[in-house]
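Have a look at the structure below, then the notes.
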Amino acid sequence: MATINENFLKLQTGYLFPEISRRIRERRLTLTGTPTDTEIISLGIGDATQPLAPAVVEAMKKAVVDMGSEEAFRGYGPEQGYDFLIDAIIKNDFNSRNIDLDSDEVFISDGAKCDTGNIQEIFGLNNVIAVTDPVYPVYVDTNVMAGRTGQANKNGQYGKIIYMPCTAENNFIPNIPEQKVDIIYLCFPNNPTGAVITKEILKKWVDFAHRNKAIIFFDAAYEAFISDPEIPHSIYEVEGAKEVAIEFRSFSKTAGFTGVRCAFAVVPKQLKAYTKDGRAVEVNSLWHRRQCTKFNGASYISQAGAAAVYTAEGKKQCRKIIDIYMANAAVIRESLTRLGYDVYGGVNAPYIWMKTPNGISSWDFFDRLLQKANVVGTPGSGFGPSGEGYFRLTAFAKPDDVKEAMQRFAAV
């Protein structure tokens with residue numbers, strides 16, 4: 001008799017974004033009128049809408065030509081990524097911030113979602129996990145699937161996970177846990193709240209991890225959207241972080257790679273975890289082994305495109321794309337503020353986090369916005385109990401759509 005992994009049965013109802021898609025489909029079936037009246041504008045899922053930078057396109061075209069020639073054809077590449085991309089990452093993303101990394105500490109992948117979900121595999125099931133609340137659902141759900149949690153309670157919180165509330169009262173920055181934790185998920189700039197963290201506060205987390213022999217999973221997928229020079233782009237800007245942190249980065253939003261797929265994780269060789277009897281083990285070698293076993297590497301074509309992001313032209317072109325998204329964020333922030341909403345984020349991050357009006361639930365506000373304005377956002381409760389009463393909008397839309405959506409908000 002074949003049996004299933006019953007941990008999957010602990011998961012709450014379907015993943016957040018498929019449920020949103022279902023409700024959008026139902027709304028489309030009821031719409032009548034002219035296309036301009038009925039067009040649904042999505043400010044929900046964080047999917048890139050600007051086309052790839054020309055420098056990236058040209059690099060990928062060349063890579064395709066390479067793959068069509070006997071002389072330059074490449075089959076399986078290194079599971080950890082090609083040196084040409086790793087070297088560019090280290091030079092531009094880390095050396096430029098006075099951070100030194102070895103090439104075998106950077107692991108190229110096909111997405112930060114995959115990396116943040118897969119990294120927990122190399123850690124024991126007895127680890128106590130701490131997550132911010134609200135939180136990117138992948139962090140929680142993959143630990144549930146692995147069997148590291150208990151059942152969910154009526155609020156949707158799983159047993160054996162430490163939830164760290166992030167609300168307007170604490171500026172959406174989690175308080176350091178008082179109880180024992182072993183693995184901490186932090187995402188800054190934050191998805192979904194758009195909050196950022198100062199170097200001073202981040203140093204407190206690094207110090208906490210040192211004291212407790214804990215490890216921080218630091219998701220920096222949105223670091224390119226930071227404009228404040230005082231906000232750190234990498235956790236490794238903090239002294240001692242290499243001994244306690246793994247960092248995740250992505251080209252998805254910064255270079256429009258949501259459909260191309262390329263990202264990377266940094267696993268310093270100084271980072272150690274422990275066996276049950278207290279023996280220190282290098283985490284880098286474990287992740288290397290995992291990737292060699294389960295991953296064949298990101299495609300040569302996508303890595304060639306990613307490397308072009310770091311060329312002089314690529315930097316200018318990608319910055320222009322980021323500026324478009326951040327201009328969208330400013331329009332959303334200013335428009336909603338004029339309409340009387342409490343609005344957060346959207347300054348150093350592409351996400352705008354707003355309080356729902358008059359205490360309405362986040363899903364009820366989603367339905368109201370969809371039915372009255374044909375505009376889509378993301379209910380805050382989908383990110384955790386502390387997200388109830390909030391609503392996320394993304395700046396990843398076309399500027400004209402953002403302006404139209406904000407006009408429609410006035411009717412809600």
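Residues in the structure tokens are named by chain (A, B, ... in the order shown) and by number from 1 within that chain; ligands are numbered from 1 in the order shown.
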
Residue contacts of region 109-113 of chain A (7 Å, only C-alpha atoms) excluding same-chain residues fewer than 5 positions away, as a PyMOL selection string: chain A and resi 248-250+261-264+297-298

12 Å contact set for Pro192 (chain A), only C-alpha atoms, chain neighbours under 5 positions out, as a ChimeraX atom specification: /A:44-46,132-137,166-167,172,186-187,222,344-346,349-354,377-384,386-387,390-395

Let me see the file: selected residues, N, CA and C atoms, as a short mmCIF file (atom, residue, chain, number, x, y, z; two decimals), in the first residue's frame.
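Resulting contents of result.cif:
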data_model
loop_
_atom_site.label_atom_id
_atom_site.label_comp_id
_atom_site.auth_asym_id
_atom_site.auth_seq_id
_atom_site.Cartn_x
_atom_site.Cartn_y
_atom_site.Cartn_z
N GLY A 44 -1.89 42.71 -7.62
CA GLY A 44 -1.83 41.64 -6.63
C GLY A 44 -0.51 40.90 -6.63
N ILE A 45 -0.40 39.89 -7.47
CA ILE A 45 0.81 39.08 -7.50
C ILE A 45 1.99 39.93 -7.99
N GLY A 46 3.15 39.70 -7.42
CA GLY A 46 4.33 40.50 -7.77
C GLY A 46 5.02 39.97 -9.00
N THR A 132 8.44 35.86 10.71
CA THR A 132 7.66 37.07 10.90
C THR A 132 6.20 36.77 10.56
N ASP A 133 5.31 37.56 11.10
CA ASP A 133 3.88 37.41 10.83
C ASP A 133 3.32 38.82 10.60
N PRO A 134 2.97 39.18 9.36
CA PRO A 134 2.79 38.36 8.16
C PRO A 134 4.11 37.89 7.56
N VAL A 135 4.00 36.86 6.68
CA VAL A 135 5.19 36.22 6.14
C VAL A 135 4.91 35.69 4.75
N TYR A 136 5.96 35.62 3.94
CA TYR A 136 5.88 34.97 2.64
C TYR A 136 5.50 33.50 2.87
N PRO A 137 4.37 33.01 2.33
CA PRO A 137 3.86 31.69 2.70
C PRO A 137 4.83 30.53 2.47
N CYS A 166 4.30 41.46 13.22
CA CYS A 166 4.80 42.70 12.63
C CYS A 166 3.58 43.55 12.25
N THR A 167 3.34 44.58 13.01
CA THR A 167 2.19 45.45 12.80
C THR A 167 2.64 46.90 12.83
N PHE A 172 6.40 47.23 11.84
CA PHE A 172 6.53 46.03 11.02
C PHE A 172 7.93 45.42 11.11
N LEU A 186 14.07 36.00 7.90
CA LEU A 186 13.92 37.45 7.81
C LEU A 186 13.92 37.84 6.33
N CYS A 187 13.04 38.74 5.96
CA CYS A 187 12.97 39.24 4.58
C CYS A 187 12.93 40.76 4.61
N TYR A 222 14.61 41.85 -2.74
CA TYR A 222 14.18 43.17 -3.18
C TYR A 222 15.19 44.26 -2.84
N TYR A 344 1.62 52.06 4.21
CA TYR A 344 2.98 51.79 4.65
C TYR A 344 3.76 51.19 3.47
N GLY A 345 5.11 51.19 3.61
CA GLY A 345 5.95 50.60 2.57
C GLY A 345 5.98 51.47 1.33
N GLY A 346 6.49 50.88 0.22
CA GLY A 346 6.48 51.57 -1.04
C GLY A 346 7.52 52.65 -1.21
N ALA A 349 10.88 49.72 -1.14
CA ALA A 349 10.37 48.39 -1.51
C ALA A 349 9.24 48.55 -2.51
N PRO A 350 9.01 47.56 -3.37
CA PRO A 350 7.97 47.67 -4.39
C PRO A 350 6.59 47.26 -3.89
N TYR A 351 6.44 47.03 -2.59
CA TYR A 351 5.16 46.64 -2.03
C TYR A 351 4.58 47.74 -1.16
N ILE A 352 3.25 47.92 -1.28
CA ILE A 352 2.53 48.90 -0.48
C ILE A 352 1.57 48.12 0.41
N TRP A 353 1.64 48.40 1.67
CA TRP A 353 0.86 47.69 2.69
C TRP A 353 -0.12 48.69 3.28
N MET A 354 -1.40 48.46 3.13
CA MET A 354 -2.39 49.42 3.58
C MET A 354 -3.35 48.79 4.58
N GLY A 377 -5.87 43.14 -5.47
CA GLY A 377 -4.72 43.21 -4.56
C GLY A 377 -4.60 41.88 -3.86
N THR A 378 -3.88 41.86 -2.75
CA THR A 378 -3.69 40.61 -2.02
C THR A 378 -4.14 40.78 -0.57
N PRO A 379 -5.07 39.93 -0.10
CA PRO A 379 -5.53 40.02 1.29
C PRO A 379 -4.39 39.76 2.27
N GLY A 380 -4.25 40.63 3.25
CA GLY A 380 -3.17 40.48 4.22
C GLY A 380 -3.24 39.20 5.01
N SER A 381 -4.45 38.68 5.27
CA SER A 381 -4.57 37.46 6.06
C SER A 381 -3.94 36.27 5.36
N GLY A 382 -3.75 36.37 4.05
CA GLY A 382 -3.10 35.29 3.32
C GLY A 382 -1.63 35.14 3.68
N PHE A 383 -1.08 36.14 4.35
CA PHE A 383 0.32 36.10 4.77
C PHE A 383 0.46 35.76 6.25
N GLY A 384 -0.66 35.53 6.94
CA GLY A 384 -0.59 35.18 8.35
C GLY A 384 -1.58 35.98 9.17
N SER A 386 -1.40 38.10 11.61
CA SER A 386 -1.13 39.52 11.83
C SER A 386 -1.35 40.35 10.57
N GLY A 387 -1.56 39.67 9.45
CA GLY A 387 -1.88 40.38 8.22
C GLY A 387 -3.35 40.71 8.08
N TYR A 390 -5.12 44.14 6.91
CA TYR A 390 -4.22 44.84 5.99
C TYR A 390 -4.41 44.27 4.59
N PHE A 391 -3.82 44.97 3.62
CA PHE A 391 -4.00 44.61 2.22
C PHE A 391 -2.73 44.99 1.48
N ARG A 392 -2.23 44.10 0.60
CA ARG A 392 -1.01 44.39 -0.14
C ARG A 392 -1.31 44.76 -1.58
N LEU A 393 -0.63 45.81 -2.04
CA LEU A 393 -0.63 46.17 -3.45
C LEU A 393 0.81 46.16 -3.94
N THR A 394 1.01 45.79 -5.19
CA THR A 394 2.36 45.78 -5.73
C THR A 394 2.52 46.86 -6.78
N ALA A 395 3.78 47.30 -6.91
CA ALA A 395 4.10 48.31 -7.92
C ALA A 395 4.46 47.68 -9.26
#

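You can rank A:Ile332, A:Phe94, A:Thr356, A:Asp367 by their closest distance to Gln407 (chain A) using only C-alpha atoms, and at the top of that list sits A:Ile332.
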
Running DSSP on the backbone, which parts of region 89-277 of chain A land in helix (DSSP H, G or I), as a PyMOL selection string? chain A and resi 89-97+103-105+112-122+137-146+168-170+199-212+223-225+235-237+241-243+257-259

Env of Thr275 (chain A): 12 Å cut, atoms = only C-alpha atoms, seq-sep filter 2 positions within chain, self excluded. Answer as number ranges by chain. A: 122-127, 272-273, 277-283

For the residues in that selection, give me C-alpha atoms as a JSON list (two decimals), in the first residue's frame.
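out-v7.json, freshly written:
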[["chain", "number", "residue", "atom", "x", "y", "z"],
["A", 122, "ILE", "CA", 19.55, 20.16, 5.05],
["A", 123, "PHE", "CA", 18.47, 20.98, 8.61],
["A", 124, "GLY", "CA", 17.05, 18.65, 11.24],
["A", 125, "LEU", "CA", 13.34, 18.33, 11.90],
["A", 126, "ASN", "CA", 13.85, 19.19, 15.56],
["A", 127, "ASN", "CA", 14.84, 22.79, 14.82],
["A", 272, "LYS", "CA", 28.20, 25.99, 11.00],
["A", 273, "ALA", "CA", 25.28, 23.88, 12.18],
["A", 277, "ASP", "CA", 25.95, 15.35, 19.85],
["A", 278, "GLY", "CA", 27.19, 18.92, 19.31],
["A", 279, "ARG", "CA", 29.70, 18.40, 16.50],
["A", 280, "ALA", "CA", 30.02, 21.43, 14.18],
["A", 281, "VAL", "CA", 29.33, 20.81, 10.48],
["A", 282, "GLU", "CA", 29.98, 23.20, 7.59],
["A", 283, "VAL", "CA", 26.62, 24.15, 6.05]]

Residue contacts of Lys61 (chain A) (9 Å, only C-alpha atoms) excluding same-chain residues fewer than 4 positions away, as a PDB file with C-alpha atoms, in the first residue's frame:
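File written: out-v1.pdb
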ATOM      1  CA  VAL A  56      19.911  41.051 -21.283  1.00  0.00           C
ATOM      2  CA  VAL A  57      18.045  40.201 -24.479  1.00  0.00           C
ATOM      3  CA  VAL A  65      23.370  31.060 -30.957  1.00  0.00           C
ATOM      4  CA  ASP A  66      26.091  29.437 -28.857  1.00  0.00           C
ATOM      5  CA  ILE A 301      20.946  31.006 -21.489  1.00  0.00           C
ATOM      6  CA  GLY A 305      21.230  36.988 -19.406  1.00  0.00           C
TER       7      GLY A 305
END

Give me, as a list in words, all polymer residues having an atom no more than 7 Å from Arg333 (chain A), counting only C-alpha atoms and skipping those fewer than 3 positions away in the same chain. Ala329, Ala330, Leu336, Thr337, Val343 and Gly346 of chain A

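Closest approach to Ile231 (chain A) among A:Lys315, A:His210, A:Lys199, A:Lys294 is made by A:Lys199 (distances from only C-alpha atoms).
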
Mind the document's chain letters and residue numbers, and return as JSON, numbers by chain the residues of region 136-385 of chain A that DSSP labels strand (DSSP E or B). {"A": [152, 158, 161, 162, 163, 164, 165, 183, 184, 185, 186, 187, 215, 216, 217, 218, 219, 245, 246, 247, 248, 249, 250, 263, 264, 265, 266, 272, 273, 274, 280, 281, 282, 343, 344, 345, 351, 352, 353, 354, 355, 375, 376, 378, 379]}

Write to file, as a tab-separated table (two decimals), in the first residue's frame, the residues of the selection just made, with N, CA and C atoms.
chain	number	residue	atom	x	y	z
A	152	ALA	N	-2.22	23.19	12.44
A	152	ALA	CA	-2.59	24.60	12.47
A	152	ALA	C	-3.73	24.81	13.45
A	158	TYR	N	0.73	27.38	12.89
A	158	TYR	CA	1.12	25.99	13.10
A	158	TYR	C	1.88	25.83	14.41
A	161	ILE	N	6.02	26.43	15.56
A	161	ILE	CA	6.61	27.59	14.90
A	161	ILE	C	6.43	28.80	15.80
A	162	ILE	N	7.48	29.60	15.93
A	162	ILE	CA	7.39	30.85	16.67
A	162	ILE	C	7.01	31.96	15.70
A	163	TYR	N	5.88	32.59	15.93
A	163	TYR	CA	5.43	33.67	15.07
A	163	TYR	C	5.78	35.01	15.72
A	164	MET	N	6.37	35.90	14.94
A	164	MET	CA	6.80	37.20	15.44
A	164	MET	C	5.94	38.27	14.78
A	165	PRO	N	4.93	38.78	15.49
A	165	PRO	CA	4.00	39.74	14.89
A	165	PRO	C	4.70	41.01	14.40
A	183	ILE	N	16.24	28.51	13.81
A	183	ILE	CA	16.28	29.05	12.45
A	183	ILE	C	15.30	30.21	12.36
A	184	ILE	N	15.78	31.33	11.83
A	184	ILE	CA	14.99	32.56	11.77
A	184	ILE	C	14.88	33.00	10.32
A	185	TYR	N	13.66	33.21	9.85
A	185	TYR	CA	13.43	33.74	8.52
A	185	TYR	C	13.22	35.25	8.60
A	186	LEU	N	14.07	36.00	7.90
A	186	LEU	CA	13.92	37.45	7.81
A	186	LEU	C	13.92	37.84	6.33
A	187	CYS	N	13.04	38.74	5.96
A	187	CYS	CA	12.97	39.24	4.58
A	187	CYS	C	12.93	40.76	4.61
A	215	ILE	N	20.62	30.14	13.09
A	215	ILE	CA	20.94	30.54	11.71
A	215	ILE	C	19.81	31.41	11.18
A	216	ILE	N	20.20	32.50	10.52
A	216	ILE	CA	19.24	33.40	9.89
A	216	ILE	C	19.17	33.10	8.40
A	217	PHE	N	17.96	32.89	7.89
A	217	PHE	CA	17.72	32.82	6.46
A	217	PHE	C	17.28	34.23	6.04
A	218	PHE	N	18.16	34.93	5.34
A	218	PHE	CA	17.90	36.34	5.03
A	218	PHE	C	17.54	36.48	3.56
A	219	ASP	N	16.28	36.78	3.30
A	219	ASP	CA	15.76	36.93	1.94
A	219	ASP	C	15.91	38.39	1.53
A	245	ALA	N	24.46	33.41	8.93
A	245	ALA	CA	23.40	33.75	7.98
A	245	ALA	C	23.62	33.19	6.59
A	246	ILE	N	22.51	32.82	5.95
A	246	ILE	CA	22.45	32.48	4.54
A	246	ILE	C	21.61	33.56	3.87
A	247	GLU	N	22.08	34.07	2.73
A	247	GLU	CA	21.36	35.14	2.04
A	247	GLU	C	20.85	34.66	0.69
A	248	PHE	N	19.65	35.10	0.36
A	248	PHE	CA	19.00	34.73	-0.90
A	248	PHE	C	18.77	35.98	-1.74
A	249	ARG	N	19.08	35.87	-3.03
A	249	ARG	CA	18.87	36.98	-3.96
A	249	ARG	C	18.15	36.46	-5.20
A	250	SER	N	17.57	37.38	-5.98
A	250	SER	CA	16.82	36.98	-7.16
A	250	SER	C	16.95	38.03	-8.25
A	263	ALA	N	18.47	33.01	-9.99
A	263	ALA	CA	18.63	33.58	-8.65
A	263	ALA	C	19.91	33.00	-8.07
A	264	PHE	N	20.18	33.34	-6.82
A	264	PHE	CA	21.34	32.73	-6.17
A	264	PHE	C	21.22	32.81	-4.66
A	265	ALA	N	21.93	31.90	-4.01
A	265	ALA	CA	22.03	31.89	-2.56
A	265	ALA	C	23.50	31.99	-2.18
A	266	VAL	N	23.76	32.66	-1.07
A	266	VAL	CA	25.12	32.77	-0.54
A	266	VAL	C	25.18	31.97	0.76
A	272	LYS	N	28.23	27.35	10.46
A	272	LYS	CA	28.20	25.99	11.00
A	272	LYS	C	26.82	25.68	11.59
A	273	ALA	N	26.41	24.44	11.44
A	273	ALA	CA	25.28	23.88	12.18
A	273	ALA	C	25.83	22.68	12.94
A	274	TYR	N	24.97	21.99	13.69
A	274	TYR	CA	25.49	21.02	14.64
A	274	TYR	C	24.74	19.70	14.58
A	280	ALA	N	30.25	20.39	15.17
A	280	ALA	CA	30.02	21.43	14.18
A	280	ALA	C	30.20	20.89	12.77
A	281	VAL	N	29.30	21.26	11.87
A	281	VAL	CA	29.33	20.81	10.48
A	281	VAL	C	29.21	22.04	9.58
A	282	GLU	N	30.02	22.09	8.53
A	282	GLU	CA	29.98	23.20	7.59
A	282	GLU	C	28.71	23.11	6.73
A	343	VAL	N	-1.26	54.01	4.98
A	343	VAL	CA	-0.42	53.36	3.98
A	343	VAL	C	1.01	53.23	4.49
A	344	TYR	N	1.62	52.06	4.21
A	344	TYR	CA	2.98	51.79	4.65
A	344	TYR	C	3.76	51.19	3.47
A	345	GLY	N	5.11	51.19	3.61
A	345	GLY	CA	5.95	50.60	2.57
A	345	GLY	C	5.98	51.47	1.33
A	351	TYR	N	6.44	47.03	-2.59
A	351	TYR	CA	5.16	46.64	-2.03
A	351	TYR	C	4.58	47.74	-1.16
A	352	ILE	N	3.25	47.92	-1.28
A	352	ILE	CA	2.53	48.90	-0.48
A	352	ILE	C	1.57	48.12	0.41
A	353	TRP	N	1.64	48.40	1.67
A	353	TRP	CA	0.86	47.69	2.69
A	353	TRP	C	-0.12	48.69	3.28
A	354	MET	N	-1.40	48.46	3.13
A	354	MET	CA	-2.39	49.42	3.58
A	354	MET	C	-3.35	48.79	4.58
A	355	LYS	N	-3.87	49.61	5.46
A	355	LYS	CA	-4.85	49.13	6.43
A	355	LYS	C	-6.23	49.15	5.78
A	375	VAL	N	-10.33	45.91	-9.56
A	375	VAL	CA	-8.92	46.01	-9.19
A	375	VAL	C	-8.60	44.88	-8.23
A	376	VAL	N	-7.42	44.29	-8.40
A	376	VAL	CA	-7.01	43.14	-7.59
A	376	VAL	C	-5.80	43.50	-6.73
A	378	THR	N	-3.88	41.86	-2.75
A	378	THR	CA	-3.69	40.61	-2.02
A	378	THR	C	-4.14	40.78	-0.57
A	379	PRO	N	-5.07	39.93	-0.10
A	379	PRO	CA	-5.53	40.02	1.29
A	379	PRO	C	-4.39	39.76	2.27

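Each of A:Glu223, A:Asp207, A:Asp323, A:Glu19 was checked against Ile176 (chain A) using only C-alpha atoms; the smallest atom-to-atom distance is that of A:Asp207.
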
Show me, as a list in words, the residues that have an atom within 10 Å of Asn118 (chain A) when counting only C-alpha atoms, minus same-chain residues fewer than 5 positions from it. Ala112, Lys113, Val138, Tyr139, Thr142, Asn143, Trp287, Arg290 and Gln291 of chain A

Save the residues we just selected, C-alpha atoms, as a short mmCIF file (atom, residue, chain, number, x, y, z; two decimals), in the first residue's frame?
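The new file out_26.cif reads:
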data_model
loop_
_atom_site.label_atom_id
_atom_site.label_comp_id
_atom_site.auth_asym_id
_atom_site.auth_seq_id
_atom_site.Cartn_x
_atom_site.Cartn_y
_atom_site.Cartn_z
CA ALA A 112 14.70 32.40 -4.71
CA LYS A 113 11.34 30.75 -4.06
CA VAL A 138 6.64 29.54 1.21
CA TYR A 139 8.75 29.84 4.38
CA THR A 142 7.74 24.07 3.19
CA ASN A 143 8.45 23.47 6.86
CA TRP A 287 24.09 22.65 0.44
CA ARG A 290 22.14 18.77 -1.93
CA GLN A 291 22.38 20.82 -5.11
#

Shell around Thr198 (chain A) at 12 Å using only C-alpha atoms, local window under 2 positions removed, as an mmCIF file with N, CA and C atoms, in the first residue's frame:
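Saved the output as part-v4.cif:
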data_model
loop_
_atom_site.group_PDB
_atom_site.id
_atom_site.type_symbol
_atom_site.label_atom_id
_atom_site.label_comp_id
_atom_site.auth_asym_id
_atom_site.auth_seq_id
_atom_site.Cartn_x
_atom_site.Cartn_y
_atom_site.Cartn_z
ATOM 1 N N ASN A 171 6.250 49.095 13.847
ATOM 2 C CA ASN A 171 6.809 49.523 12.563
ATOM 3 C C ASN A 171 7.126 48.342 11.646
ATOM 4 N N ILE A 173 8.607 45.653 12.227
ATOM 5 C CA ILE A 173 9.912 45.060 12.504
ATOM 6 C C ILE A 173 9.727 44.089 13.663
ATOM 7 N N PHE A 188 13.986 41.393 4.096
ATOM 8 C CA PHE A 188 14.041 42.853 4.028
ATOM 9 C C PHE A 188 14.788 43.287 2.785
ATOM 10 N N PRO A 189 14.235 44.260 2.031
ATOM 11 C CA PRO A 189 12.915 44.858 2.152
ATOM 12 C C PRO A 189 11.842 43.772 2.166
ATOM 13 N N ALA A 195 8.392 46.964 4.573
ATOM 14 C CA ALA A 195 9.255 47.538 5.610
ATOM 15 C C ALA A 195 10.723 47.243 5.310
ATOM 16 N N VAL A 196 11.597 48.084 5.847
ATOM 17 C CA VAL A 196 13.037 47.863 5.743
ATOM 18 C C VAL A 196 13.626 47.859 7.150
ATOM 19 N N GLU A 200 21.630 48.771 12.437
ATOM 20 C CA GLU A 200 21.704 48.621 13.897
ATOM 21 C C GLU A 200 20.766 47.525 14.387
ATOM 22 N N ILE A 201 19.556 47.497 13.859
ATOM 23 C CA ILE A 201 18.610 46.454 14.280
ATOM 24 C C ILE A 201 19.045 45.098 13.746
ATOM 25 N N LEU A 202 19.530 45.073 12.517
ATOM 26 C CA LEU A 202 19.993 43.811 11.945
ATOM 27 C C LEU A 202 21.163 43.252 12.747
ATOM 28 N N LYS A 203 22.007 44.130 13.269
ATOM 29 C CA LYS A 203 23.132 43.682 14.102
ATOM 30 C C LYS A 203 22.622 42.966 15.351
ATOM 31 N N LYS A 204 21.503 43.409 15.912
ATOM 32 C CA LYS A 204 20.933 42.744 17.093
ATOM 33 C C LYS A 204 20.511 41.317 16.758
ATOM 34 N N TRP A 205 19.992 41.118 15.550
ATOM 35 C CA TRP A 205 19.610 39.771 15.133
ATOM 36 C C TRP A 205 20.841 38.885 14.938
ATOM 37 N N ILE A 226 16.073 49.469 -2.734
ATOM 38 C CA ILE A 226 16.457 50.360 -1.643
ATOM 39 C C ILE A 226 17.071 51.634 -2.207
ATOM 40 N N ASP A 228 17.474 54.447 0.224
ATOM 41 C CA ASP A 228 18.063 55.079 1.411
ATOM 42 C C ASP A 228 19.472 54.529 1.624
ATOM 43 N N PRO A 229 20.493 55.371 1.578
ATOM 44 C CA PRO A 229 21.873 54.879 1.722
ATOM 45 C C PRO A 229 22.182 54.300 3.095
ATOM 46 N N GLU A 230 21.321 54.537 4.069
ATOM 47 C CA GLU A 230 21.547 54.016 5.415
ATOM 48 C C GLU A 230 21.001 52.598 5.607
ATOM 49 N N ILE A 231 20.228 52.111 4.637
ATOM 50 C CA ILE A 231 19.617 50.785 4.759
ATOM 51 C C ILE A 231 20.541 49.751 4.126
ATOM 52 N N PRO A 232 20.895 48.682 4.853
ATOM 53 C CA PRO A 232 21.790 47.661 4.285
ATOM 54 C C PRO A 232 21.117 46.868 3.175
ATOM 55 N N HIS A 233 21.896 46.541 2.152
ATOM 56 C CA HIS A 233 21.418 45.708 1.050
ATOM 57 C C HIS A 233 21.673 44.229 1.320
ATOM 58 N N SER A 234 22.659 43.942 2.148
ATOM 59 C CA SER A 234 23.043 42.560 2.453
ATOM 60 C C SER A 234 23.241 42.416 3.950
ATOM 61 N N ILE A 235 22.880 41.259 4.476
ATOM 62 C CA ILE A 235 23.117 41.012 5.893
ATOM 63 C C ILE A 235 24.610 40.933 6.185
ATOM 64 N N GLU A 237 26.765 42.978 5.416
ATOM 65 C CA GLU A 237 27.281 44.294 5.795
ATOM 66 C C GLU A 237 27.418 44.406 7.309
ATOM 67 N N VAL A 238 26.808 43.479 8.028
ATOM 68 C CA VAL A 238 26.879 43.443 9.494
ATOM 69 C C VAL A 238 28.017 42.523 9.915
ATOM 70 N N ASN A 348 11.275 52.091 -0.019
ATOM 71 C CA ASN A 348 12.480 51.317 -0.325
ATOM 72 C C ASN A 348 12.118 49.905 -0.756
#

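The gap separating CA of Gly256 (chain A) from CA of Ile321 (chain A) is 8.5 Å, in Å to one decimal.
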
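In this comparison, which uses only C-alpha atoms, the residue of A:Ala209, A:Ile108, A:Ala308, A:Ala220 approaching Phe295 (chain A) most closely is A:Ile108.
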